Amino acid sequence: MNKYEYIEREKSWLNFNARVLQESADDTVPLLERLRFLGIFSNNLDEFFRVRFAAVRRLSLSGISGKNLFGGISAHQLLKEITQIVIEQQAESLRILKIIETKLETENIYIIDENNISAEQEAYLKDFFIQKLSPELITIILNDLAEFPILKDSVGYLAVKLVMKDNNEVHYAMIEIPNTINRFVVLPSNNEKQYVILIDDVIRHNLGSIFNIFDYDSVSAHMIKITRDAQLEMDSDLSKSMLEKIAASVKDRRIGEPVRFIYDELIEEDTLQFILGKMHIISSDSIIPGGKYHNRRDYMKFPNLGRYDLLYTTNQPLPVPGLNLEGSILKKISKKDYLIHAPFQSFSYLTKFLRESALDPSVISIKITLYRLAKNSQIISSLINAAKNGKKVTVQIELQARFDEASNISYAEQMQTEGINLIFGIKGLKVHSKICVIERQEEDSIKRYGFISTGNFNEQTAKIYTDVTLLTSHQQILKDASKVFEFFDINYRLYRYKHLIVSPHYTRSRFNRMIDREITNALNGKVAYIKLKMNSLSDFEMIDKLYDASNAGVKIQLEVRGICSLIPGLSGMSENIEAISIVDNYLEHSRIYIFGNEGDPEVYISSADFMTRNLDGRVEVTCPIYDEKIKKELIEIFDIGWKGNVKARYHSQKLDNKYRVRKGYEPIFRAQFETYNYYLNKVELNHENV
């Protein structure tokens, strides 16, 4: 395959983020939700530069061209193209923000700055500054410092220029915008109008108070932000524990190489050059002009102001028919499998499963993998409770879950203190699987219960990420899951799994075989199809295999939320492939894989995307679905997503994020809303049959 048969991964990711930006521009999205999507767009971009851009930059600086990795383009050229795309997206985001602010004013919500503060607001802000904001400020005079201070990653700073009265001497200073205070200050109001000001502007308004010891003629302050390479450099010292190594690496991340510098385009040129020179930021770094404010990720926490009419209606998670949070989960699972689809259905079933297991005298052991955890995690509380009740608790916690390292280290230390057996993974492999197995003494034998999921065991993200979890007592599946934990302990041995598909050893070959089977069926004139729902599709070998299937006549439907390096719909290459992305109120995160199998479809849920790292560089688990009702449910859920004609965009070579347009006779079909209605109907039918 040549370079024209793949979409470059980094550009495809930026195209995904453009879909997030589209949501902020969509007039049908509630206004305060549009601000939230602007925040998500900005937060995504920060992470992109810390990880993906930084990786390309390291390759460029090493002198390696990288053309084989990037579809024929050099790393150096790719950095330039990324920077240009981001500059255009940033400009678009500023344009959208101004439109949203104007529309908010029609709703009597005003975001003001330091130039239009009323006398009443002045008194309130003076007290706010003295009592709350000023004690949190870190202000550094830069001119005479032997070394320029280390600016924190993705933290906003005000670069201050002071021109002295006597001799026109220029002093430069830096004020760190604190993240310990909400970025948005809601001002008191005695009328129907509501006012909000950013603390950036509260600081600007009080520059005279901050620098009152200087006899200056003029003072100005413009925002800057630095993004650093987030790569962890692991210490090779064998005397140190994994906890110590990761903790040290996370600490060192604060001095990672700068990979992006954003500045207010109205900043004085001498101030900009002073900072760039002191920070040794070179032309190969991404230097991006912007507006007055950065860190627009903070808009994710814009105050709701009591205006729930400007937010999406919150749907309460639905119960799963047949499961009762007040009864025994284990008894129910012992008789049949259940599927939990969060956030449409309640995540509480998983925490209930663990709480019950912690208390049940017959439960002997609990084994679980943890990747990203909620703050004040109920999962951790249940596991500690189980340990205190004498259960043997084994936790594989991934200390290298990017940007969650510090949190996971803290949880690991807490669990160690409580006597929980911790496994810190396998050298060279992240553990990304989502599995739990408990063992229970029942009469003269041990019976296993457990769950396998597409998402993290995290109560917070379960409210906004769509994920499916299988609750099961299928002994053979759970025996395989137990072997995964054995692999963590003894990883030089190659384990055989009869039911689960486990990376890094088997996932690629098993999926290849299933695709080959569909190819054979198509060539023999039989019905052949593949339906894949995932977050990202970027592995070239898997893409080539899907191209082969398309050329053989296999009908392929792809729901890929994020990166899609495959080009669908090209004659002679991918004409039997359609690919869409759904970006809406919830983050599509579940992985559901369906293979036609001559009319007896095989259905799988998985923690793995079709990315090289998931197939070859991580421990992932793909689980077959044997229960016919659950198979039917997952196929129907896929088809609901596929019918979406409101928030679905086409993946294409043009990277234009074209919406799937309704045909004249088709009703509006918003996939996430219809998914909720699907489960609501199940609940209502269950009530009718009771």
# chains A, B, ... in the order shown; residues from 1 in each chain; ligands from 1
>>> select_by_dssp(residues="region 360-575 of chain A", states="strand (DSSP E)", output="MDAnalysis selection string")
chainID A and resid 363:370 392:397 421:423 430:431 435:442 445:453 465:472 501:502 529:534 555:560
>>> residues_around(residues="Leu350 (chain A)", least_positions_apart="6", cutoff="9 Å", atoms="only C-alpha atoms", output="list in words")
Ile340, Ile379, Phe451, Phe457, Thr469 and Leu471 of chain A
>>> residues_around(residues="Lys193 (chain A)", least_positions_apart="4", cutoff="12 Å", atoms="only C-alpha atoms", output="VMD selection string")
chain A and resid 104 to 111 186 to 189 305
>>> closest_atom_pairs(of="region 92-172 of chain A", to="region 260-281 of chain A", cutoff="12 Å", atoms="only C-alpha atoms", output="CSV")
residue,atom,partner,partner_atom,distance
A:Leu94,CA,A:Asp264,CA,11.9
A:Leu142,CA,A:Ile275,CA,9.5
A:Asn143,CA,A:Phe274,CA,9.7
A:Asp144,CA,A:Lys278,CA,11.9
A:Leu145,CA,A:Lys278,CA,10.5
A:Ala146,CA,A:Lys278,CA,10.5
A:Glu147,CA,A:Lys278,CA,8.3
A:Phe148,CA,A:Lys278,CA,6.2
A:Pro149,CA,A:Met279,CA,8.8
A:Ile150,CA,A:Met279,CA,8.7
A:Leu151,CA,A:Met279,CA,9.1
A:Lys152,CA,A:Phe261,CA,11.9
A:Asp153,CA,A:Arg260,CA,9.9
A:Ser154,CA,A:Arg260,CA,9.5
A:Val155,CA,A:Ile262,CA,11.0
A:Gly156,CA,A:Ile262,CA,9.7
A:Tyr157,CA,A:Tyr263,CA,9.7
A:Leu158,CA,A:Asp264,CA,9.7
A:Ala159,CA,A:Thr271,CA,7.6
A:Val160,CA,A:Thr271,CA,8.1
A:Lys161,CA,A:Thr271,CA,6.8
A:Leu162,CA,A:Thr271,CA,10.2
A:Val163,CA,A:Thr271,CA,11.5
A:Val170,CA,A:Thr271,CA,9.6
A:His171,CA,A:Thr271,CA,9.7
A:Tyr172,CA,A:Thr271,CA,7.5
>>> closest_atom_pairs(of="region 329-438 of chain A", to="region 606-625 of chain A", cutoff="12 Å", atoms="only C-alpha atoms", output="tab-separated table")
residue	atom	partner	partner_atom	distance
A:Asp337	CA	A:Ile625	CA	9.3
A:Tyr338	CA	A:Ile625	CA	10.5
A:Leu339	CA	A:Ile625	CA	9.9
A:Thr369	CA	A:Val619	CA	10.5
A:Tyr371	CA	A:Ser607	CA	11.2
A:Gln396	CA	A:Val619	CA	11.4
A:Glu398	CA	A:Val619	CA	10.7
A:Gln400	CA	A:Arg618	CA	11.7
A:Ala401	CA	A:Arg618	CA	11.6
A:Gly425	CA	A:Val619	CA	9.1
A:Ile426	CA	A:Val619	CA	8.9
A:Lys427	CA	A:Arg618	CA	10.4
A:Gly428	CA	A:Gly617	CA	7.4
A:Leu429	CA	A:Arg618	CA	4.8
A:Lys430	CA	A:Arg618	CA	4.8
A:Val431	CA	A:Val619	CA	4.7
A:His432	CA	A:Glu620	CA	5.5
A:Ser433	CA	A:Glu620	CA	4.4
A:Lys434	CA	A:Ser607	CA	6.5
A:Ile435	CA	A:Val621	CA	7.9
A:Cys436	CA	A:Val621	CA	11.4
>>> write_last_selection(atoms="N, CA and C atoms", output="tab-separated table (two decimals), in the first residue's frame")
chain	number	residue	atom	x	y	z
A	337	ASP	N	-26.06	-14.26	32.24
A	337	ASP	CA	-25.22	-13.09	32.03
A	337	ASP	C	-26.09	-11.83	31.94
A	338	TYR	N	-25.48	-10.71	32.33
A	338	TYR	CA	-26.13	-9.41	32.20
A	338	TYR	C	-25.15	-8.43	31.55
A	339	LEU	N	-25.71	-7.49	30.80
A	339	LEU	CA	-24.90	-6.44	30.18
A	339	LEU	C	-25.28	-5.10	30.79
A	369	THR	N	-8.19	-5.53	37.44
A	369	THR	CA	-7.24	-4.62	36.79
A	369	THR	C	-7.79	-3.21	36.89
A	371	TYR	N	-7.06	0.91	35.67
A	371	TYR	CA	-6.29	1.78	34.77
A	371	TYR	C	-6.48	3.25	35.15
A	396	GLN	N	-4.08	-5.42	39.87
A	396	GLN	CA	-3.09	-4.97	38.89
A	396	GLN	C	-3.44	-3.51	38.58
A	398	GLU	N	-2.22	0.03	36.79
A	398	GLU	CA	-1.29	0.53	35.77
A	398	GLU	C	-0.75	1.89	36.20
A	400	GLN	N	1.49	3.56	34.78
A	400	GLN	CA	1.85	4.41	33.64
A	400	GLN	C	0.63	4.82	32.82
A	401	ALA	N	-0.56	4.84	33.44
A	401	ALA	CA	-1.74	5.38	32.76
A	401	ALA	C	-1.53	6.88	32.63
A	425	GLY	N	2.28	-4.53	36.67
A	425	GLY	CA	2.37	-4.70	35.23
A	425	GLY	C	3.61	-5.44	34.78
A	426	ILE	N	3.86	-5.32	33.49
A	426	ILE	CA	4.89	-6.09	32.82
A	426	ILE	C	5.80	-5.13	32.08
A	427	LYS	N	7.08	-5.33	32.17
A	427	LYS	CA	8.03	-4.45	31.52
A	427	LYS	C	7.74	-4.38	30.02
A	428	GLY	N	7.59	-3.15	29.53
A	428	GLY	CA	7.36	-2.95	28.10
A	428	GLY	C	5.92	-3.06	27.67
A	429	LEU	N	5.01	-3.43	28.59
A	429	LEU	CA	3.59	-3.59	28.24
A	429	LEU	C	2.72	-2.84	29.25
A	430	LYS	N	1.89	-1.95	28.76
A	430	LYS	CA	0.86	-1.38	29.62
A	430	LYS	C	-0.27	-2.39	29.73
A	431	VAL	N	-0.90	-2.40	30.88
A	431	VAL	CA	-2.06	-3.27	31.08
A	431	VAL	C	-3.31	-2.40	30.94
A	432	HIS	N	-4.02	-2.63	29.86
A	432	HIS	CA	-5.18	-1.80	29.51
A	432	HIS	C	-6.48	-2.60	29.59
A	433	SER	N	-6.38	-3.89	29.92
A	433	SER	CA	-7.57	-4.74	30.00
A	433	SER	C	-8.44	-4.31	31.18
A	434	LYS	N	-9.74	-4.62	31.07
A	434	LYS	CA	-10.71	-4.21	32.10
A	434	LYS	C	-11.43	-5.47	32.59
A	435	ILE	N	-10.84	-6.15	33.55
A	435	ILE	CA	-11.39	-7.44	33.98
A	435	ILE	C	-11.40	-7.55	35.50
A	436	CYS	N	-12.35	-8.33	36.00
A	436	CYS	CA	-12.43	-8.62	37.43
A	436	CYS	C	-12.91	-10.06	37.59
>>> residues_around(residues="Val86 (chain A)", least_positions_apart="2", cutoff="12 Å", atoms="only C-alpha atoms", output="ChimeraX atom specification")
/A:10-11,13-15,17-18,21,41-42,44-46,48-49,53,79-84,88-93,260,262,286-290
>>> residues_around(residues="Arg19 (chain A)", least_positions_apart="5", cutoff="9 Å", atoms="only C-alpha atoms", output="number ranges by chain")
A: 14, 41, 581-583, 649, 657
>>> select_by_dssp(residues="region 104-207 of chain A", states="helix (DSSP H, G or I)", output="JSON, numbers by chain")
{"A": [104, 105, 106, 119, 120, 121, 122, 123, 124, 125, 126, 127, 128, 129, 130, 131, 132, 133, 134, 135, 136, 199, 200, 201, 202, 203, 204, 205, 207]}
>>> atom_distance(atom1="CA of Asp127 (chain A)", atom2="CA of Asp113 (chain A)")
17.1 Å
